[in-house]
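Enquirer: Coordinates in start_14.tsv, TSV, C-alpha atoms, are listed below.
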```tsv
chain	number	residue	atom	x	y	z
A	11	MET	CA	15.44	65.05	-33.39
A	12	THR	CA	13.17	67.29	-35.53
A	13	THR	CA	13.35	71.08	-35.46
A	14	LEU	CA	10.19	71.25	-33.40
A	15	GLY	CA	11.58	68.70	-30.98
A	16	ARG	CA	14.74	70.76	-30.42
A	17	ARG	CA	12.72	73.94	-29.98
A	18	GLU	CA	10.36	72.36	-27.46
A	19	LEU	CA	13.22	70.78	-25.56
A	20	SER	CA	14.98	74.14	-25.31
A	21	ARG	CA	11.81	75.61	-23.84
A	22	GLY	CA	11.62	72.95	-21.16
A	23	ALA	CA	9.04	70.83	-22.95
A	24	LEU	CA	9.41	67.12	-23.49
A	25	GLY	CA	10.07	67.42	-27.21
A	26	VAL	CA	9.97	63.64	-27.71
A	27	ALA	CA	9.03	61.69	-30.82
A	28	LEU	CA	8.46	57.99	-31.38
A	29	SER	CA	11.56	57.50	-33.49
A	30	SER	CA	10.32	54.36	-35.20
A	31	LEU	CA	7.33	56.28	-36.53
A	32	VAL	CA	8.84	59.64	-37.46
A	33	ALA	CA	8.46	60.47	-41.14
A	34	THR	CA	11.05	62.29	-43.23
A	35	PRO	CA	10.29	65.86	-44.35
A	36	ALA	CA	9.77	64.60	-47.89
A	37	CYS	CA	7.15	62.14	-46.68
A	38	ARG	CA	5.39	64.88	-44.68
A	39	ARG	CA	4.95	66.87	-47.86
A	40	GLY	CA	3.00	64.08	-49.46
A	41	ALA	CA	-0.76	64.63	-49.16
A	42	GLY	CA	-1.99	62.46	-46.31
A	43	ALA	CA	1.37	60.67	-46.08
A	44	THR	CA	1.88	61.46	-42.40
A	45	LEU	CA	-0.42	62.07	-39.45
A	46	THR	CA	1.26	63.96	-36.61
A	47	VAL	CA	-0.31	63.70	-33.15
A	48	GLY	CA	0.53	66.03	-30.26
A	49	ALA	CA	-0.17	65.13	-26.64
A	50	LEU	CA	1.03	65.54	-23.04
A	51	ALA	CA	2.61	63.00	-20.68
A	52	ASN	CA	-0.45	63.15	-18.43
A	53	VAL	CA	-2.78	60.49	-17.05
A	54	THR	CA	-5.61	62.51	-18.56
A	55	HIS	CA	-4.18	61.54	-21.98
A	56	ALA	CA	-3.71	57.86	-21.07
A	57	PRO	CA	-5.98	56.31	-23.75
A	58	VAL	CA	-4.13	58.18	-26.50
A	59	LEU	CA	-0.74	57.22	-25.08
A	60	ALA	CA	-1.87	53.59	-24.87
A	61	ALA	CA	-3.05	53.58	-28.50
A	62	ILE	CA	0.30	55.02	-29.56
A	63	GLY	CA	2.49	52.78	-27.41
A	64	SER	CA	0.70	49.59	-28.42
A	65	GLY	CA	1.26	50.36	-32.09
A	66	GLU	CA	-2.46	50.07	-32.78
A	67	LEU	CA	-2.82	53.63	-34.02
A	68	ALA	CA	0.15	53.28	-36.37
A	69	ARG	CA	-1.22	50.01	-37.79
A	70	ALA	CA	-4.65	51.56	-38.33
A	71	LEU	CA	-3.19	54.49	-40.25
A	72	ALA	CA	-1.02	52.43	-42.61
A	73	PRO	CA	0.15	53.09	-45.27
A	74	ALA	CA	0.23	56.63	-43.85
A	75	GLN	CA	2.90	57.09	-41.22
A	76	LEU	CA	2.36	58.24	-37.65
A	77	GLU	CA	4.51	60.89	-35.99
A	78	VAL	CA	4.10	61.71	-32.29
A	79	ARG	CA	5.15	64.82	-30.40
A	80	LEU	CA	4.91	65.25	-26.63
A	81	PHE	CA	4.65	68.74	-25.17
A	82	ARG	CA	4.79	70.21	-21.68
A	83	SER	CA	1.46	72.09	-21.79
A	84	GLY	CA	-1.78	72.46	-23.71
A	85	PRO	CA	-0.93	75.91	-25.11
A	86	ARG	CA	2.16	74.35	-26.72
A	87	VAL	CA	-0.06	71.74	-28.41
A	88	MET	CA	-2.33	74.57	-29.56
A	89	GLU	CA	0.60	76.46	-31.10
A	90	ALA	CA	1.61	73.31	-32.98
A	91	LEU	CA	-1.95	72.74	-34.23
A	92	VAL	CA	-2.29	76.28	-35.52
A	93	SER	CA	1.13	76.25	-37.20
A	94	GLY	CA	0.43	72.89	-38.84
A	95	ALA	CA	3.26	71.16	-36.96
A	96	VAL	CA	0.70	68.63	-35.69
A	97	ASP	CA	-2.49	67.46	-37.41
A	98	VAL	CA	-4.37	66.17	-34.36
A	99	GLY	CA	-3.80	67.32	-30.80
A	100	VAL	CA	-4.93	66.29	-27.33
A	101	LEU	CA	-5.27	69.26	-25.00
A	102	GLY	CA	-7.45	70.85	-22.37
A	103	PRO	CA	-10.31	73.23	-23.19
A	104	GLY	CA	-8.51	76.31	-21.81
A	105	PRO	CA	-6.10	76.94	-24.68
A	106	LEU	CA	-8.74	75.82	-27.15
A	107	VAL	CA	-11.33	78.41	-26.12
A	108	ILE	CA	-8.68	81.14	-25.87
A	109	HIS	CA	-7.54	80.45	-29.44
A	110	HIS	CA	-11.15	80.20	-30.63
A	111	ALA	CA	-12.03	83.60	-29.14
A	112	ARG	CA	-8.91	85.34	-30.40
A	113	ARG	CA	-8.19	83.80	-33.80
A	114	GLY	CA	-10.77	81.11	-34.47
A	115	ARG	CA	-12.04	82.68	-37.69
A	116	ARG	CA	-8.57	82.74	-39.19
A	117	ALA	CA	-7.53	79.26	-37.97
A	118	PRO	CA	-10.70	77.34	-37.07
A	119	LEU	CA	-10.42	74.16	-35.04
A	120	ALA	CA	-12.85	71.29	-34.49
A	121	VAL	CA	-13.34	69.02	-31.48
A	122	LEU	CA	-13.32	65.42	-32.70
A	123	SER	CA	-14.00	63.73	-29.36
A	124	GLY	CA	-13.76	64.00	-25.63
A	125	VAL	CA	-10.92	62.14	-23.90
A	126	SER	CA	-11.18	62.74	-20.16
A	127	SER	CA	-12.98	64.48	-17.33
A	128	GLY	CA	-11.52	65.47	-13.96
A	129	GLY	CA	-7.94	64.85	-13.00
A	130	ALA	CA	-6.80	68.29	-11.80
A	131	SER	CA	-6.12	69.60	-8.29
A	132	LEU	CA	-4.68	72.49	-6.33
A	133	VAL	CA	-1.92	71.08	-4.11
A	134	THR	CA	-0.19	73.02	-1.33
A	135	ALA	CA	3.39	72.67	-0.14
A	136	PRO	CA	4.35	70.33	2.72
A	137	GLY	CA	3.57	71.88	6.09
A	138	SER	CA	1.70	74.78	4.50
A	139	ALA	CA	-0.66	76.87	6.59
A	140	VAL	CA	-2.87	77.46	3.55
A	141	ARG	CA	-6.35	76.12	4.26
A	142	THR	CA	-8.48	78.09	1.78
A	143	ILE	CA	-8.00	79.93	-1.50
A	144	THR	CA	-8.03	83.20	0.45
A	145	ASP	CA	-4.91	82.08	2.32
A	146	LEU	CA	-2.95	82.30	-0.94
A	147	ARG	CA	-2.85	86.10	-0.67
A	148	GLY	CA	0.71	87.32	-1.22
A	149	LEU	CA	1.98	83.82	-2.11
A	150	ARG	CA	3.37	82.06	-5.20
A	151	VAL	CA	1.28	79.50	-7.08
A	152	ALA	CA	2.44	77.57	-10.16
A	153	VAL	CA	0.70	76.49	-13.35
A	154	THR	CA	2.32	74.90	-16.40
A	155	GLN	CA	1.45	77.73	-18.78
A	156	VAL	CA	-0.51	80.96	-18.90
A	157	GLY	CA	-3.73	80.15	-20.75
A	158	SER	CA	-3.74	76.50	-19.74
A	159	THR	CA	-6.95	75.00	-18.37
A	160	GLN	CA	-5.49	74.93	-14.85
A	161	ASP	CA	-4.39	78.58	-15.19
A	162	ILE	CA	-7.98	79.58	-15.95
A	163	SER	CA	-9.20	77.47	-13.01
A	164	LEU	CA	-6.74	79.17	-10.66
A	165	ARG	CA	-7.61	82.68	-11.85
A	166	HIS	CA	-11.34	81.93	-11.62
A	167	ALA	CA	-10.95	80.60	-8.05
A	168	CYS	CA	-9.00	83.71	-7.09
A	169	ALA	CA	-11.66	85.97	-8.62
A	170	GLN	CA	-14.34	84.10	-6.67
A	171	ALA	CA	-12.35	84.80	-3.50
A	172	SER	CA	-11.80	88.48	-4.47
A	173	LEU	CA	-8.06	87.88	-4.73
A	174	PRO	CA	-6.14	89.80	-7.41
A	175	VAL	CA	-3.68	87.83	-9.53
A	176	ALA	CA	-0.64	90.10	-9.33
A	177	ARG	CA	2.89	90.17	-7.99
A	178	THR	CA	1.91	92.33	-5.03
A	179	ARG	CA	1.64	91.80	-1.32
A	180	ASP	CA	-2.13	91.46	-1.60
A	181	GLY	CA	-2.17	89.41	-4.79
A	182	VAL	CA	-1.50	85.84	-5.88
A	183	SER	CA	1.69	85.56	-7.90
A	184	VAL	CA	1.39	83.02	-10.73
A	185	ASP	CA	4.61	81.24	-11.73
A	186	VAL	CA	4.87	79.29	-15.00
A	187	LEU	CA	6.80	76.05	-14.52
A	188	PRO	CA	6.90	72.61	-16.16
A	189	ALA	CA	4.84	70.21	-14.05
A	190	SER	CA	7.89	68.19	-12.96
A	191	VAL	CA	9.63	71.37	-11.77
A	192	ALA	CA	6.51	72.56	-9.96
A	193	VAL	CA	6.41	69.28	-8.02
A	194	LEU	CA	10.06	69.74	-7.00
A	195	GLU	CA	9.57	73.39	-6.04
A	196	LEU	CA	6.53	72.51	-3.95
A	197	GLY	CA	8.54	69.87	-2.11
A	198	ARG	CA	11.23	72.47	-1.38
A	199	ARG	CA	8.53	74.90	-0.21
A	200	HIS	CA	9.61	77.47	-2.78
A	201	LEU	CA	5.97	77.62	-3.86
A	202	ALA	CA	2.82	77.87	-1.77
A	203	ALA	CA	0.77	75.74	-4.17
A	204	ALA	CA	0.36	74.50	-7.74
A	205	TRP	CA	-2.73	73.74	-9.82
A	206	LEU	CA	-1.77	70.61	-11.73
A	207	ALA	CA	-3.24	67.90	-13.92
A	208	GLU	CA	-2.67	64.24	-13.07
A	209	PRO	CA	-0.39	62.45	-12.37
A	210	TRP	CA	1.51	65.56	-11.30
A	211	ALA	CA	-0.95	66.57	-8.59
A	212	THR	CA	-0.77	63.13	-7.00
A	213	ARG	CA	3.02	63.09	-7.35
A	214	ALA	CA	3.07	66.38	-5.42
A	215	VAL	CA	0.91	64.80	-2.71
A	216	HIS	CA	3.27	61.81	-2.53
A	217	ALA	CA	6.11	64.31	-2.06
A	218	GLY	CA	4.41	65.64	1.07
A	219	GLY	CA	1.93	68.16	-0.34
A	220	THR	CA	-1.73	68.48	0.56
A	221	ARG	CA	-4.57	68.32	-1.97
A	222	LEU	CA	-6.43	71.51	-1.08
A	223	VAL	CA	-8.90	71.36	-3.98
A	224	ASP	CA	-9.89	68.41	-6.14
A	225	GLU	CA	-11.38	70.33	-9.05
A	226	ARG	CA	-14.14	67.77	-9.49
A	227	THR	CA	-15.74	69.19	-6.34
A	228	LEU	CA	-16.16	72.56	-8.09
A	229	TRP	CA	-18.29	71.25	-10.98
A	230	PRO	CA	-21.86	69.88	-11.04
A	231	GLY	CA	-21.73	66.11	-10.92
A	232	GLY	CA	-17.94	66.26	-10.63
A	233	ARG	CA	-17.58	66.26	-14.43
A	234	PHE	CA	-15.73	68.77	-16.57
A	235	ALA	CA	-13.67	68.45	-19.75
A	236	THR	CA	-9.96	68.00	-19.08
A	237	ALA	CA	-8.68	66.64	-22.40
A	238	LEU	CA	-10.17	66.86	-25.89
A	239	LEU	CA	-9.15	65.45	-29.27
A	240	VAL	CA	-8.87	68.41	-31.67
A	241	CYS	CA	-7.83	69.03	-35.28
A	242	GLY	CA	-7.79	71.88	-37.75
A	243	ARG	CA	-11.23	72.15	-39.35
A	244	HIS	CA	-9.63	71.82	-42.80
A	245	ALA	CA	-8.29	68.38	-41.80
A	246	ALA	CA	-11.48	67.02	-40.23
A	247	GLU	CA	-12.51	65.16	-43.41
A	248	ARG	CA	-9.13	63.51	-44.04
A	249	ARG	CA	-9.32	59.74	-44.09
A	250	ASP	CA	-6.39	59.32	-41.72
A	251	VAL	CA	-7.87	61.84	-39.28
A	252	GLY	CA	-11.17	59.96	-39.37
A	253	ARG	CA	-9.38	56.69	-38.76
A	254	ALA	CA	-7.40	58.18	-35.87
A	255	ARG	CA	-10.65	59.44	-34.37
A	256	GLU	CA	-12.13	55.95	-34.52
A	257	VAL	CA	-9.13	54.23	-32.98
A	258	LEU	CA	-8.57	56.81	-30.26
A	259	GLY	CA	-12.28	56.92	-29.47
A	260	ALA	CA	-12.26	53.14	-29.05
A	261	HIS	CA	-9.33	53.43	-26.63
A	262	VAL	CA	-11.11	56.13	-24.63
A	263	SER	CA	-14.17	53.88	-24.34
A	264	ARG	CA	-11.96	50.96	-23.36
A	265	ALA	CA	-10.24	53.10	-20.72
A	266	ALA	CA	-13.64	53.73	-19.13
A	267	ARG	CA	-14.22	49.95	-18.94
A	268	GLU	CA	-10.67	48.76	-18.26
A	269	PRO	CA	-8.78	51.63	-16.58
A	270	ALA	CA	-6.13	49.38	-15.03
A	271	ALA	CA	-5.16	47.86	-18.39
A	272	VAL	CA	-4.96	51.25	-20.10
A	273	ALA	CA	-2.95	52.62	-17.16
A	274	ALA	CA	-0.40	49.85	-17.59
A	275	GLU	CA	-0.17	50.40	-21.34
A	276	SER	CA	0.15	54.19	-21.12
A	277	PHE	CA	2.72	53.92	-18.31
A	278	ALA	CA	4.79	51.57	-20.47
A	279	ALA	CA	4.35	53.85	-23.50
A	280	LEU	CA	5.82	56.83	-21.63
A	281	ALA	CA	8.75	54.75	-20.43
A	282	SER	CA	9.41	53.56	-24.00
A	283	LEU	CA	9.46	57.21	-25.12
A	284	GLY	CA	12.17	57.97	-22.60
A	285	VAL	CA	9.79	59.99	-20.41
A	286	SER	CA	9.71	59.16	-16.71
A	287	PRO	CA	6.10	58.47	-15.74
A	288	GLY	CA	7.09	58.60	-12.05
A	289	PRO	CA	6.27	56.00	-9.41
A	290	ARG	CA	3.73	53.46	-10.58
A	291	ALA	CA	1.79	53.77	-7.30
A	292	ALA	CA	1.27	57.51	-7.86
A	293	TYR	CA	0.32	56.93	-11.50
A	294	ASP	CA	-2.32	54.35	-10.58
A	295	GLU	CA	-3.66	56.50	-7.75
A	296	ALA	CA	-3.92	59.45	-10.11
A	297	LEU	CA	-5.93	57.35	-12.55
A	298	ALA	CA	-8.69	56.99	-9.96
A	299	ARG	CA	-9.23	60.76	-10.14
A	300	VAL	CA	-9.85	60.75	-13.91
A	301	ASP	CA	-12.93	59.64	-15.84
A	302	PHE	CA	-12.47	58.75	-19.51
A	303	THR	CA	-15.27	59.66	-21.90
A	304	THR	CA	-15.73	60.38	-25.59
A	305	ASP	CA	-18.33	62.98	-24.53
A	306	PRO	CA	-16.59	66.37	-24.95
A	307	LEU	CA	-18.79	67.80	-22.17
A	308	ALA	CA	-19.52	70.82	-24.35
A	309	SER	CA	-21.40	72.71	-21.66
A	310	THR	CA	-18.30	72.74	-19.44
A	311	VAL	CA	-16.14	73.89	-22.35
A	312	ALA	CA	-18.60	76.75	-22.85
A	313	GLU	CA	-18.37	77.57	-19.13
A	314	ILE	CA	-14.57	77.71	-19.33
A	315	ALA	CA	-14.92	80.09	-22.29
A	316	ARG	CA	-17.24	82.29	-20.22
A	317	ARG	CA	-14.72	82.28	-17.36
A	318	ALA	CA	-11.88	83.28	-19.67
A	319	TYR	CA	-14.02	86.17	-20.92
A	320	ALA	CA	-15.01	87.24	-17.38
A	321	LEU	CA	-11.33	87.22	-16.41
A	322	GLY	CA	-10.53	89.59	-19.26
A	323	LEU	CA	-8.37	87.05	-21.06
A	324	VAL	CA	-10.36	86.95	-24.32
A	325	PRO	CA	-13.29	88.56	-26.11
A	326	ALA	CA	-16.67	86.87	-25.88
A	327	ALA	CA	-17.08	83.94	-28.29
A	328	ASP	CA	-19.58	81.19	-29.00
A	329	ALA	CA	-17.80	77.94	-28.06
A	330	SER	CA	-20.62	75.82	-29.50
A	331	THR	CA	-19.19	76.26	-33.01
A	332	LEU	CA	-16.20	74.13	-31.96
A	333	PHE	CA	-18.53	71.12	-31.98
A	334	THR	CA	-20.23	71.53	-35.35
```
Would you write out, as structure tokens, the structure that this file holds?
Expert:
Amino acid sequence: MTTLGRRELSRGALGVALSSLVATPACRRGAGATLTVGALANVTHAPVLAAIGSGELARALAPAQLEVRLFRSGPRVMEALVSGAVDVGVLGPGPLVIHHARRGRRAPLAVLSGVSSGGASLVTAPGSAVRTITDLRGLRVAVTQVGSTQDISLRHACAQASLPVARTRDGVSVDVLPASVAVLELGRRHLAAAWLAEPWATRAVHAGGTRLVDERTLWPGGRFATALLVCGRHAAERRDVGRAREVLGAHVSRAAREPAAVAAESFAALASLGVSPGPRAAYDEALARVDFTTDPLASTVAEIARRAYALGLVPAADASTLFT
């Protein structure tokens, strides 16, 4: 396992690489010799997982080698992008706009393509008396990482309900947990709720939870960016990055036409990586709550940036420059 893999595993991330495609350090040092892709084991990333698992992305990049890293949250992918540990990453707009506002001039990033829309929900624990956001006062709610897209969604919803996010009797206490742990803790009723991407939200429902909010209902037309294909701006003109963009874009378009086929391929890809994708029924059900699109839905990314600013998380920044 690579150094990054060990570090991510120790932090509770997946830290998994496709061993047949991992390049040696010497090969990584060769210009353009290796393309490293970072992603999450989420349904919202299904087209990318399918392209990796089928071997199509690796074949398209030859003679360059493909290395794949799976992480537990979007902010972890962002850290790897900024450090150069990955060349191309799939992540939600939350960590992207936070980085852009804080450090974008020093480490500029570029959105290559949209991947998915929708596919996130607030799920309450089995038997919970919570019926509205306001009912979360004084209770514990989980997200996978501070600064994740779902973290911003939760904090925005609390602000709309005049609920402080704080570990006080009148506030909402935000716990940071890996998605798999959040599902378990919900089932044990150690948490009041969790705002999760798919398939984790649906897995929590299958474990007895209640879907309090399908985030699609909070956006005009039910569409908002959930996953984007991103690279460092310095790498945007690399031939292998361009080729990866073409192949992954084709898989995103195919997922919109043939979601069942891409679901099967991405499910199998996760299993081959040694990552449990959970029950197939929950995975397929989760897929129905995601729309795949190469459109990055830039206006919704800009809205998430405005929300992060209004919440006091970041300074104001023009998110439109991420798309030029």
Enquirer: Give me the residues within 10 Å of Ala72 of chain A as a list in words, counting all atoms listed in the file and dropping any in the same chain fewer than 4 places off.
Expert: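 Answer for this query is Ala43, Thr44, Leu67, Ala68, Leu76 and Asp250 of chain A.
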Enquirer: Mind checking which residues fall within 9 Å of Leu59 of chain A, counting only C-alpha atoms, ignoring those fewer than 2 positions away in the same chain, and posting them as a ChimeraX atom specification?
Expert: /A:49-53,55-57,61-64,272,275-277,279-280
Enquirer: The selected residues should be written to file as a PDB file, in the frame of the given file (atoms: C-alpha atoms).
Expert:
```
ATOM      1  CA  ALA A  49      -0.170  65.130 -26.640  1.00  0.00           C
ATOM      2  CA  LEU A  50       1.030  65.540 -23.040  1.00  0.00           C
ATOM      3  CA  ALA A  51       2.610  63.000 -20.680  1.00  0.00           C
ATOM      4  CA  ASN A  52      -0.450  63.150 -18.430  1.00  0.00           C
ATOM      5  CA  VAL A  53      -2.780  60.490 -17.050  1.00  0.00           C
ATOM      6  CA  HIS A  55      -4.180  61.540 -21.980  1.00  0.00           C
ATOM      7  CA  ALA A  56      -3.710  57.860 -21.070  1.00  0.00           C
ATOM      8  CA  PRO A  57      -5.980  56.310 -23.750  1.00  0.00           C
ATOM      9  CA  ALA A  61      -3.050  53.580 -28.500  1.00  0.00           C
ATOM     10  CA  ILE A  62       0.300  55.020 -29.560  1.00  0.00           C
ATOM     11  CA  GLY A  63       2.490  52.780 -27.410  1.00  0.00           C
ATOM     12  CA  SER A  64       0.700  49.590 -28.420  1.00  0.00           C
ATOM     13  CA  VAL A 272      -4.960  51.250 -20.100  1.00  0.00           C
ATOM     14  CA  GLU A 275      -0.170  50.400 -21.340  1.00  0.00           C
ATOM     15  CA  SER A 276       0.150  54.190 -21.120  1.00  0.00           C
ATOM     16  CA  PHE A 277       2.720  53.920 -18.310  1.00  0.00           C
ATOM     17  CA  ALA A 279       4.350  53.850 -23.500  1.00  0.00           C
ATOM     18  CA  LEU A 280       5.820  56.830 -21.630  1.00  0.00           C
TER      19      LEU A 280
END
```
Enquirer: Give the answer as one residue: which of A:Arg86, A:Leu80, A:Val107, A:Ser282 has the shortest atom-to-atom distance to Asp328 of chain A, using only C-alpha atoms?
Expert: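 Comparing A:Arg86, A:Leu80, A:Val107, A:Ser282 against Asp328 of chain A, the winner is A:Val107.
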Enquirer: When distances are computed from all atoms listed in the file, which of A:Tyr293, A:Gly129, A:Ile314, A:Arg165 shows the smallest separation from Thr227 of chain A?
Expert: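 Answer, going by the shortest atom-to-atom distance: A:Gly129.
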Enquirer: Using all atoms listed in the file, find the one residue out of A:Leu307, A:Leu106, A:Ala274, A:Leu149 that sits nearest to Pro230 of chain A.
Expert: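 Looking at the shortest contact to Pro230 of chain A, the residue is A:Leu307.
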Enquirer: May I ask for the distance between atom CA of Val184 of chain A and atom CA of Arg112 of chain A, given in Å to one decimal place?
Expert: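 Separating atom CA of Val184 of chain A from atom CA of Arg112 of chain A is a distance of 22.3 Å.
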Enquirer: Which of these, A:Val121, A:Leu196, A:Cys241, A:Ala171, has the shortest distance to Ala90 of chain A once you count only C-alpha atoms?
Expert: A:Cys241
Enquirer: Using Å and a single decimal, report how far atom CA of Leu201 of chain A sits from atom CA of His109 of chain A.
Expert: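 Going from atom CA of His109 of chain A over to atom CA of Leu201 of chain A covers 29.1 Å.
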Enquirer: For the atom pair atom CA of Pro103 of chain A and atom CA of Gly322 of chain A, what is the interatomic distance in Å to one decimal place?
Expert: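 Rounded to one decimal, the two atoms are 16.8 Å apart.
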Enquirer: Per residue of segment 114-221 of chain A within 8 Å of segment 255-267 of chain A, which atom pair is closest and at what distance in Å (one decimal), using all atoms listed in the file, listed by chain and increasing number, as JSON lines?
Expert:
```
{"residue": "A:Leu122", "atom": "CA", "partner": "A:Arg255", "partner_atom": "CA", "distance": 6.8}
{"residue": "A:Ser123", "atom": "CA", "partner": "A:Gly259", "partner_atom": "CA", "distance": 7.0}
{"residue": "A:Val125", "atom": "CA", "partner": "A:Val262", "partner_atom": "CA", "distance": 6.1}
{"residue": "A:Ser126", "atom": "CA", "partner": "A:Val262", "partner_atom": "CA", "distance": 8.0}
```
Enquirer: So, counting only C-alpha atoms, which residue among A:Leu194, A:Ala254, A:Ala312, A:Arg115 is closest to Ala74 of chain A?
Expert: A:Ala254
Enquirer: Might you pull out every residue within 7 Å of Gly99 of chain A, with all atoms listed in the file counted and same-chain residues fewer than 3 positions away left off, and present them as a list in words?
Expert: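 Counting all atoms listed in the file, the residues come to Val47, Gly48, Ala49, Val87, Leu91, Val96, Leu239, Val240 and Cys241 of chain A.
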Enquirer: Restricting the output to C-alpha atoms, write the selected residues as a tab-separated table (two decimals), in the frame of the given file.
Expert:
```tsv
chain	number	residue	atom	x	y	z
A	47	VAL	CA	-0.31	63.70	-33.15
A	48	GLY	CA	0.53	66.03	-30.26
A	49	ALA	CA	-0.17	65.13	-26.64
A	87	VAL	CA	-0.06	71.74	-28.41
A	91	LEU	CA	-1.95	72.74	-34.23
A	96	VAL	CA	0.70	68.63	-35.69
A	239	LEU	CA	-9.15	65.45	-29.27
A	240	VAL	CA	-8.87	68.41	-31.67
A	241	CYS	CA	-7.83	69.03	-35.28
```
Enquirer: Please provide as a PyMOL selection string all residues within 10 Å of Leu173 of chain A, with the sequence filter that same-chain residues fewer than 6 positions apart are discarded (counting all atoms listed in the file).
Expert: chain A and resi 143-148+165-167+180-182
Enquirer: Between A:Ala117, A:Ala271, A:Ala204, A:Ile162, which is the closest to Val191 of chain A once you count only C-alpha atoms?
Expert: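 Of all the options, A:Ala204 lies closest to Val191 of chain A.
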Enquirer: Box for segment 190-209 of chain A - axis-aligned, 8 Å on each of the six sides, all listed atoms - centre and size in Å to one decimal, as lines of an AutoDock Vina configuration file.
Expert:
```
center_x = 4.0
center_y = 70.2
center_z = -7.1
size_x = 30.5
size_y = 31.4
size_z = 29.7
```
